[in-house]
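Peer 1: Just so it is clear, I am handing over target.cif, which has mmCIF, C-alpha atoms.
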```
data_input
loop_
_atom_site.label_atom_id
_atom_site.label_comp_id
_atom_site.auth_asym_id
_atom_site.auth_seq_id
_atom_site.Cartn_x
_atom_site.Cartn_y
_atom_site.Cartn_z
CA LEU A 1 21.12 3.60 5.47
CA THR A 2 23.32 6.37 4.13
CA CYS A 3 24.51 9.74 5.38
CA PHE A 4 26.07 12.50 3.29
CA LEU A 5 28.04 15.37 4.81
CA GLY A 6 30.26 17.92 3.09
CA GLY A 7 30.21 19.50 -0.34
CA ILE A 8 27.80 17.23 -2.27
CA THR A 9 25.69 19.31 -4.65
CA THR A 10 23.24 16.69 -6.02
CA VAL A 11 21.70 13.63 -4.40
CA GLY A 12 19.04 11.33 -5.92
CA LEU A 13 16.63 9.78 -3.41
CA LYS A 14 14.00 7.05 -3.83
CA ASN A 15 11.75 8.69 -1.25
CA ASN A 16 11.45 12.13 0.29
CA ASP A 17 12.79 11.41 3.79
CA VAL A 18 15.26 14.28 3.98
CA VAL A 19 16.24 15.43 7.46
CA SER A 20 17.78 18.85 7.96
CA ASP A 21 19.44 18.00 11.31
CA LYS A 22 22.81 16.30 10.56
CA LYS A 23 22.65 14.48 13.92
CA GLN A 24 19.57 12.57 12.69
CA CYS A 25 21.13 11.73 9.33
CA LYS A 26 21.93 8.10 10.16
CA ASN A 27 18.21 7.31 10.32
CA SER A 28 16.94 9.69 7.64
CA ILE A 29 17.12 7.60 4.45
CA ASN A 30 15.53 4.15 4.34
CA GLU A 31 14.81 2.86 0.82
CA ASN A 32 12.28 0.22 1.95
CA LYS A 33 10.31 2.41 4.34
CA ILE A 34 6.58 1.91 3.96
CA ILE A 35 4.32 4.10 6.06
CA THR A 36 0.83 2.92 6.98
CA LYS A 37 -1.94 5.24 8.18
CA LYS A 38 -5.59 4.82 9.03
CA ILE A 39 -7.66 7.75 7.74
CA ASP A 40 -11.29 8.86 7.63
CA ALA A 41 -12.97 7.35 4.54
CA LYS A 42 -14.87 10.60 3.97
CA LEU A 43 -11.61 11.95 2.53
CA ILE A 44 -12.15 9.68 -0.48
CA GLY A 45 -15.87 10.42 -0.71
CA ALA A 46 -17.29 7.50 1.30
CA ASP A 47 -20.30 7.91 3.57
CA LYS A 48 -18.51 6.64 6.69
CA GLY A 49 -15.76 4.43 8.11
CA THR A 50 -11.99 4.37 7.79
CA ILE A 51 -9.48 3.08 5.28
CA THR A 52 -5.85 2.15 5.71
CA ILE A 53 -3.36 3.54 3.23
CA GLU A 54 0.24 2.62 2.61
CA TYR A 55 2.84 4.81 0.93
CA THR A 56 6.56 5.13 0.33
CA THR A 57 6.43 8.61 -1.15
CA PRO A 58 4.32 11.39 0.33
CA SER A 59 2.26 11.80 -2.84
CA GLU A 60 1.16 8.31 -4.02
CA CYS A 61 -0.66 5.72 -1.94
CA LYS A 62 -2.30 2.32 -1.98
CA ILE A 63 -5.52 1.48 -0.15
CA THR A 64 -4.78 -1.70 1.79
CA SER A 65 -7.95 -2.23 3.85
CA SER A 66 -11.19 -0.73 5.05
CA SER A 67 -12.97 -0.86 8.39
CA SER A 68 -16.13 -2.89 8.89
CA SER A 69 -17.99 0.42 9.25
CA PHE A 70 -16.93 1.60 5.76
CA LEU A 71 -19.87 2.46 3.50
CA ALA A 72 -20.09 4.08 0.08
CA SER A 73 -23.29 4.61 -1.84
CA GLY A 74 -24.53 6.30 -4.98
CA ASP A 75 -21.88 7.44 -7.44
CA PHE A 76 -18.55 6.69 -5.75
CA ASN A 77 -15.23 7.55 -7.43
CA PHE A 78 -12.62 7.61 -4.65
CA ASN A 79 -12.77 11.43 -4.76
CA GLY A 80 -11.32 11.34 -8.26
CA GLY A 81 -8.30 9.43 -6.94
CA LYS A 82 -6.98 12.33 -4.84
CA PHE A 83 -7.34 13.49 -1.26
CA VAL A 84 -5.56 15.77 1.21
CA TYR A 85 -4.44 14.47 4.60
CA ASP A 86 -2.33 16.46 7.08
CA GLY A 87 -1.69 19.11 4.43
CA VAL A 88 -0.32 16.62 1.86
CA GLU A 89 -2.14 15.76 -1.38
CA TYR A 90 -2.16 12.01 -2.07
CA THR A 91 -2.97 10.23 -5.30
CA ILE A 92 -4.45 6.74 -5.06
CA VAL A 93 -2.53 4.50 -7.47
CA GLU A 94 -3.62 1.06 -6.25
CA ILE A 95 -6.45 -0.76 -4.50
CA GLY A 96 -4.73 -3.61 -2.60
CA HIS A 97 -5.68 -7.26 -2.21
CA ASP A 98 -8.90 -7.81 -0.23
CA SER A 99 -9.29 -4.06 0.51
CA PHE A 100 -13.09 -4.09 0.33
CA CYS A 101 -13.71 -7.85 0.52
CA SER A 102 -15.71 -9.58 3.21
CA ASP A 103 -18.35 -12.27 3.34
CA THR A 104 -19.99 -10.66 6.39
CA THR A 105 -19.72 -6.91 5.71
CA TRP A 106 -21.19 -4.99 2.80
CA TYR A 107 -19.12 -1.96 1.92
CA PHE A 108 -21.24 -0.56 -0.90
CA LYS A 109 -24.96 0.15 -1.14
CA GLU A 110 -26.56 0.69 -4.54
CA CYS A 111 -23.23 1.98 -5.71
CA ASN A 112 -22.01 2.93 -9.17
CA LEU A 113 -18.27 2.56 -8.74
CA THR A 114 -15.91 4.64 -10.89
CA ILE A 115 -12.22 3.73 -10.94
CA PRO A 116 -10.33 7.01 -11.50
CA ALA A 117 -7.48 7.27 -14.02
CA SER A 118 -4.89 7.49 -11.23
CA ILE A 119 -5.57 3.89 -10.13
CA LYS A 120 -3.30 1.60 -12.13
CA LYS A 121 -3.90 -1.67 -10.27
CA ILE A 122 -6.76 -3.42 -8.49
CA GLY A 123 -5.53 -6.30 -6.32
CA ASP A 124 -6.84 -9.84 -6.01
CA ARG A 125 -10.32 -10.03 -4.43
CA ALA A 126 -10.32 -6.26 -3.89
CA PHE A 127 -14.12 -5.91 -4.13
CA CYS A 128 -15.10 -9.57 -3.68
CA ASP A 129 -18.43 -10.45 -1.99
CA ASN A 130 -20.12 -7.09 -2.48
CA SER A 131 -23.37 -8.61 -3.70
CA ARG A 132 -27.01 -8.56 -2.73
CA ASN A 133 -27.74 -8.90 0.96
CA THR A 134 -30.70 -11.28 0.69
CA PHE A 135 -31.91 -10.52 4.21
CA LEU A 136 -32.18 -6.78 3.58
CA SER A 137 -32.83 -6.97 -0.20
CA SER A 138 -30.30 -4.23 -0.85
CA LYS A 139 -28.09 -4.07 -3.90
CA GLU A 140 -24.41 -3.42 -3.52
CA ILE A 141 -22.08 -2.62 -6.47
CA ILE A 142 -24.46 -2.18 -9.40
CA GLY A 143 -22.10 -0.58 -11.92
CA ILE A 144 -18.40 -0.14 -12.59
CA ASN A 145 -16.82 2.49 -14.80
CA PHE A 146 -13.13 2.20 -15.63
CA ASN A 147 -11.27 5.30 -16.72
CA GLU A 148 -8.33 5.09 -19.09
CA GLY A 149 -5.31 4.39 -16.87
CA ILE A 150 -6.14 1.06 -15.22
CA GLU A 151 -3.50 -1.51 -16.23
CA ASP A 152 -4.06 -4.54 -14.00
CA ILE A 153 -7.20 -6.10 -12.49
CA GLY A 154 -6.34 -8.92 -10.09
CA ARG A 155 -7.76 -12.41 -9.66
CA GLU A 156 -11.40 -12.49 -8.50
CA ALA A 157 -11.37 -8.71 -8.02
CA PHE A 158 -15.16 -8.51 -8.46
CA LYS A 159 -16.15 -12.08 -7.54
CA LYS A 160 -19.67 -12.35 -6.13
CA CYS A 161 -20.62 -8.84 -7.20
CA ASP A 162 -23.89 -10.37 -8.39
CA ASP A 163 -25.78 -7.11 -8.91
CA LEU A 164 -23.24 -5.80 -11.39
CA LYS A 165 -24.82 -4.92 -14.73
CA SER A 166 -22.17 -6.42 -17.01
CA ASP A 167 -23.92 -5.34 -20.21
CA LYS A 168 -22.63 -1.80 -19.57
CA LEU A 169 -19.05 -2.75 -18.66
CA VAL A 170 -16.45 -1.15 -20.92
CA LEU A 171 -12.77 -1.99 -20.47
CA PRO A 172 -10.28 0.75 -21.41
CA ASN A 173 -7.36 0.38 -23.84
CA SER A 174 -4.85 0.87 -21.01
CA LEU A 175 -5.84 -2.48 -19.45
CA GLN A 176 -2.99 -5.00 -19.88
CA HIS A 177 -3.94 -7.84 -17.51
CA ILE A 178 -7.09 -9.35 -16.01
CA GLY A 179 -6.81 -12.17 -13.47
CA ASP A 180 -9.22 -15.09 -13.19
#
```
Would you put the structure from the file into structure tokens?

Peer 2:
Amino acid sequence: LTCFLGGITTVGLKNNDVVSDKKQCKNSINENKIITKKIDAKLIGADKGTITIEYTTPSECKITSSSSSFLASGDFNFNGGKFVYDGVEYTIVEIGHDSFCSDTTWYFKECNLTIPASIKKIGDRAFCDNSRNTFLSSKEIIGINFNEGIEDIGREAFKKCDDLKSDKLVLPNSLQHIGD
């Protein structure tokens, strides 16, 4: 925690927590501050549900989890990787570990998933277990399109996505790492 008073003309900050009231200055800068918010999934183009985002700057975020009521169908692209919440435009830069993974909930229905260029990393098991629901005979993730920009795909990120048509999967040049 740091506080600056007096004639300083330039200050470099890791985040944008600047407080104009000098009395609050002792609590205004926290380099490790991570803010978590639960938001309506329709903001990223989903049919329903909520997602939880995490951010340290007010412009870039990571999706960390989704509610059991989350559902996306058809052509789903995370709203191109951008959404507006409380008057601030956010860019999705990461899909966190286990964000859309569950062995009891199906988050996608007959979905062609497009990973926008803003997303640099997909965490371990991020989309795991989004396969055919044998009781309802519905298909889940049936296609994935990666835009140039993705750099890291985590371990088992698409494990048990059995309906995925892998013959149409093209990996971009920006990809540097793929987990197991």

Peer 1: Within 8 Å of Phe127 in chain A, counting all atoms listed in the file, which residues show up once you throw out same-chain ones fewer than 6 positions away? Write them as a list of chain:residue names, please.

Peer 2: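 Selected residues are A:Asp98, A:Ser99, A:Phe100, A:Cys101, A:Ala157, A:Phe158, A:Lys159, A:Cys161.
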
Peer 1: Can you tell me, as number ranges by chain, what residues are no more than 12 Å from Gly87 in chain A when counting all atoms listed in the file, ignoring any on the same chain fewer than 4 positions away?

Peer 2: A: 58-59, 83

Peer 1: Between CA of Lys165 in chain A and CA of Asn112 in chain A, what is the distance in Å, rounded to a tenth?

Peer 2: 10.0 Å

Peer 1: Ranking A:Ile122, A:Phe146, A:Glu110, A:Ser67 by minimum distance to Leu164 in chain A and counting all atoms listed in the file, which one comes first?

Peer 2: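 Result for the nearest residue to Leu164 in chain A: A:Glu110.
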
Peer 1: Hey, can you check how far CA of Gly123 in chain A sits from CA of Ile153 in chain A?

Peer 2: 6.4 Å

Peer 1: For the provided coordinates, the residues matched by the PyMOL selection byres ((chain A and resi 52-54) around 9) should be stated as a list of chain:residue names.

Peer 2: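 For this structure, the PyMOL selection byres ((chain A and resi 52-54) around 9) captures A:Ile34, A:Ile35, A:Thr36, A:Lys37, A:Lys38, A:Ile39, A:Asp40, A:Ala41, A:Thr50, A:Ile51, A:Tyr55, A:Thr56, A:Glu60, A:Cys61, A:Lys62, A:Ile63, A:Thr64, A:Ser65, A:Ser66, A:Ser67, A:Ile92, A:Ser99.
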
Peer 1: CA of Ile44 in chain A to CA of Thr114 in chain A: how many Å, to one decimal?

Peer 2: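 Going from CA of Ile44 in chain A over to CA of Thr114 in chain A covers 12.2 Å.
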
Peer 1: Ranking A:Asp124, A:Gly96, A:Pro116, A:Ser68 by minimum distance to Gly49 in chain A and counting all atoms listed in the file, which one comes first?

Peer 2: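 Closest residue, counting all atoms listed in the file: A:Ser68.
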
Peer 1: Closest to Lys120 in chain A among A:Thr57, A:Ser102, A:Asn79, A:Gln176, using all atoms listed in the file?

Peer 2: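 When distances to Lys120 in chain A are compared using all atoms listed in the file, the smallest one comes from A:Gln176.
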
Peer 1: For this file, the PyMOL selection byres ((chain A and resi 145) around 10) selects which residues, as a PyMOL selection string?

Peer 2: chain A and resi 77+112-116+143-144+146-148+168-172

Peer 1: Which residues are close to Ser118 in chain A, i.e. within 8 Å by only C-alpha atoms, leaving aside same-chain residues fewer than 4 positions away? Reply as number ranges by chain.

Peer 2: A: 81, 91-93, 149-150

Peer 1: Counting all atoms listed in the file, which of A:Ile141, A:Tyr107, A:Gly80, A:Gly154 gets nearest to Ile119 in chain A?

Peer 2: A:Gly80

Peer 1: Using all atoms listed in the file, which residue out of A:Leu175, A:Cys111, A:Val88, A:Leu43 lies closest to Asp75 in chain A?

Peer 2: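 That would be A:Cys111, the residue with the smallest distance to Asp75 in chain A.
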
Peer 1: Using all atoms listed in the file, determine which residues lie at most 6 Å from Asn130 in chain A, disregarding the query and same-chain residues fewer than 2 positions distant; provide the list as a PyMOL selection string.

Peer 2: chain A and resi 106+128+140+161

Peer 1: Regenerate range 30-62 of chain A at the level of N, CA and C atoms and dump it as a PDB file, in the coordinates of the input.

Peer 2:
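Saved to part_7.pdb:
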```pdb
ATOM      1  N   ASN A  30      15.805   5.579   4.271  1.00  0.00           N
ATOM      2  CA  ASN A  30      15.530   4.150   4.340  1.00  0.00           C
ATOM      3  C   ASN A  30      14.760   3.786   3.088  1.00  0.00           C
ATOM      4  N   GLU A  31      15.411   3.138   2.127  1.00  0.00           N
ATOM      5  CA  GLU A  31      14.810   2.860   0.820  1.00  0.00           C
ATOM      6  C   GLU A  31      13.559   1.998   0.894  1.00  0.00           C
ATOM      7  N   ASN A  32      13.418   1.129   1.878  1.00  0.00           N
ATOM      8  CA  ASN A  32      12.280   0.220   1.950  1.00  0.00           C
ATOM      9  C   ASN A  32      11.192   0.688   2.911  1.00  0.00           C
ATOM     10  N   LYS A  33      11.260   1.910   3.352  1.00  0.00           N
ATOM     11  CA  LYS A  33      10.310   2.410   4.340  1.00  0.00           C
ATOM     12  C   LYS A  33       8.914   2.525   3.728  1.00  0.00           C
ATOM     13  N   ILE A  34       7.980   1.834   4.352  1.00  0.00           N
ATOM     14  CA  ILE A  34       6.580   1.910   3.960  1.00  0.00           C
ATOM     15  C   ILE A  34       5.825   2.441   5.163  1.00  0.00           C
ATOM     16  N   ILE A  35       5.080   3.494   4.973  1.00  0.00           N
ATOM     17  CA  ILE A  35       4.320   4.100   6.060  1.00  0.00           C
ATOM     18  C   ILE A  35       2.856   3.708   5.888  1.00  0.00           C
ATOM     19  N   THR A  36       2.233   3.311   6.985  1.00  0.00           N
ATOM     20  CA  THR A  36       0.830   2.920   6.980  1.00  0.00           C
ATOM     21  C   THR A  36       0.060   3.877   7.888  1.00  0.00           C
ATOM     22  N   LYS A  37      -1.087   4.351   7.388  1.00  0.00           N
ATOM     23  CA  LYS A  37      -1.940   5.240   8.180  1.00  0.00           C
ATOM     24  C   LYS A  37      -3.388   4.860   8.006  1.00  0.00           C
ATOM     25  N   LYS A  38      -4.148   5.002   9.073  1.00  0.00           N
ATOM     26  CA  LYS A  38      -5.590   4.820   9.030  1.00  0.00           C
ATOM     27  C   LYS A  38      -6.210   6.204   8.940  1.00  0.00           C
ATOM     28  N   ILE A  39      -7.072   6.420   7.945  1.00  0.00           N
ATOM     29  CA  ILE A  39      -7.660   7.750   7.740  1.00  0.00           C
ATOM     30  C   ILE A  39      -9.177   7.645   7.601  1.00  0.00           C
ATOM     31  N   ASP A  40      -9.846   8.764   7.774  1.00  0.00           N
ATOM     32  CA  ASP A  40     -11.290   8.860   7.630  1.00  0.00           C
ATOM     33  C   ASP A  40     -11.664   8.627   6.162  1.00  0.00           C
ATOM     34  N   ALA A  41     -12.565   7.698   5.908  1.00  0.00           N
ATOM     35  CA  ALA A  41     -12.970   7.350   4.540  1.00  0.00           C
ATOM     36  C   ALA A  41     -13.719   8.490   3.846  1.00  0.00           C
ATOM     37  N   LYS A  42     -14.200   9.461   4.593  1.00  0.00           N
ATOM     38  CA  LYS A  42     -14.870  10.600   3.970  1.00  0.00           C
ATOM     39  C   LYS A  42     -13.907  11.391   3.086  1.00  0.00           C
ATOM     40  N   LEU A  43     -12.600  11.273   3.357  1.00  0.00           N
ATOM     41  CA  LEU A  43     -11.610  11.950   2.530  1.00  0.00           C
ATOM     42  C   LEU A  43     -11.615  11.448   1.084  1.00  0.00           C
ATOM     43  N   ILE A  44     -12.069  10.202   0.880  1.00  0.00           N
ATOM     44  CA  ILE A  44     -12.150   9.680  -0.480  1.00  0.00           C
ATOM     45  C   ILE A  44     -13.591   9.632  -0.983  1.00  0.00           C
ATOM     46  N   GLY A  45     -14.486  10.298  -0.266  1.00  0.00           N
ATOM     47  CA  GLY A  45     -15.870  10.420  -0.710  1.00  0.00           C
ATOM     48  C   GLY A  45     -16.828   9.373  -0.184  1.00  0.00           C
ATOM     49  N   ALA A  46     -16.396   8.514   0.740  1.00  0.00           N
ATOM     50  CA  ALA A  46     -17.290   7.500   1.300  1.00  0.00           C
ATOM     51  C   ALA A  46     -18.245   8.133   2.300  1.00  0.00           C
ATOM     52  N   ASP A  47     -19.304   7.414   2.612  1.00  0.00           N
ATOM     53  CA  ASP A  47     -20.300   7.910   3.570  1.00  0.00           C
ATOM     54  C   ASP A  47     -19.779   7.855   5.002  1.00  0.00           C
ATOM     55  N   LYS A  48     -19.026   6.779   5.334  1.00  0.00           N
ATOM     56  CA  LYS A  48     -18.510   6.640   6.690  1.00  0.00           C
ATOM     57  C   LYS A  48     -17.418   5.587   6.729  1.00  0.00           C
ATOM     58  N   GLY A  49     -16.775   5.451   7.894  1.00  0.00           N
ATOM     59  CA  GLY A  49     -15.760   4.430   8.110  1.00  0.00           C
ATOM     60  C   GLY A  49     -14.348   4.968   7.968  1.00  0.00           C
ATOM     61  N   THR A  50     -13.401   4.025   7.962  1.00  0.00           N
ATOM     62  CA  THR A  50     -11.990   4.370   7.790  1.00  0.00           C
ATOM     63  C   THR A  50     -11.384   3.458   6.735  1.00  0.00           C
ATOM     64  N   ILE A  51     -10.272   3.913   6.180  1.00  0.00           N
ATOM     65  CA  ILE A  51      -9.480   3.080   5.280  1.00  0.00           C
ATOM     66  C   ILE A  51      -8.038   3.139   5.774  1.00  0.00           C
ATOM     67  N   THR A  52      -7.270   2.155   5.403  1.00  0.00           N
ATOM     68  CA  THR A  52      -5.850   2.150   5.710  1.00  0.00           C
ATOM     69  C   THR A  52      -5.101   2.333   4.401  1.00  0.00           C
ATOM     70  N   ILE A  53      -4.173   3.297   4.411  1.00  0.00           N
ATOM     71  CA  ILE A  53      -3.360   3.540   3.230  1.00  0.00           C
ATOM     72  C   ILE A  53      -1.909   3.211   3.543  1.00  0.00           C
ATOM     73  N   GLU A  54      -1.171   2.939   2.497  1.00  0.00           N
ATOM     74  CA  GLU A  54       0.240   2.620   2.610  1.00  0.00           C
ATOM     75  C   GLU A  54       0.961   3.456   1.552  1.00  0.00           C
ATOM     76  N   TYR A  55       2.106   4.031   1.918  1.00  0.00           N
ATOM     77  CA  TYR A  55       2.840   4.810   0.930  1.00  0.00           C
ATOM     78  C   TYR A  55       4.327   4.810   1.231  1.00  0.00           C
ATOM     79  N   THR A  56       5.113   4.990   0.183  1.00  0.00           N
ATOM     80  CA  THR A  56       6.560   5.130   0.330  1.00  0.00           C
ATOM     81  C   THR A  56       6.997   6.534  -0.060  1.00  0.00           C
ATOM     82  N   THR A  57       6.182   7.208  -0.834  1.00  0.00           N
ATOM     83  CA  THR A  57       6.430   8.610  -1.150  1.00  0.00           C
ATOM     84  C   THR A  57       5.247   9.396  -0.614  1.00  0.00           C
ATOM     85  N   PRO A  58       5.431  10.641  -0.259  1.00  0.00           N
ATOM     86  CA  PRO A  58       4.320  11.390   0.330  1.00  0.00           C
ATOM     87  C   PRO A  58       3.275  11.867  -0.682  1.00  0.00           C
ATOM     88  N   SER A  59       3.262  11.338  -1.897  1.00  0.00           N
ATOM     89  CA  SER A  59       2.260  11.800  -2.840  1.00  0.00           C
ATOM     90  C   SER A  59       1.425  10.662  -3.443  1.00  0.00           C
ATOM     91  N   GLU A  60       1.916   9.427  -3.467  1.00  0.00           N
ATOM     92  CA  GLU A  60       1.160   8.310  -4.020  1.00  0.00           C
ATOM     93  C   GLU A  60       0.887   7.280  -2.944  1.00  0.00           C
ATOM     94  N   CYS A  61      -0.324   6.700  -2.960  1.00  0.00           N
ATOM     95  CA  CYS A  61      -0.660   5.720  -1.940  1.00  0.00           C
ATOM     96  C   CYS A  61      -1.458   4.560  -2.509  1.00  0.00           C
ATOM     97  N   LYS A  62      -1.552   3.539  -1.684  1.00  0.00           N
ATOM     98  CA  LYS A  62      -2.300   2.320  -1.980  1.00  0.00           C
ATOM     99  C   LYS A  62      -3.295   2.131  -0.850  1.00  0.00           C
TER     100      LYS A  62
END
```
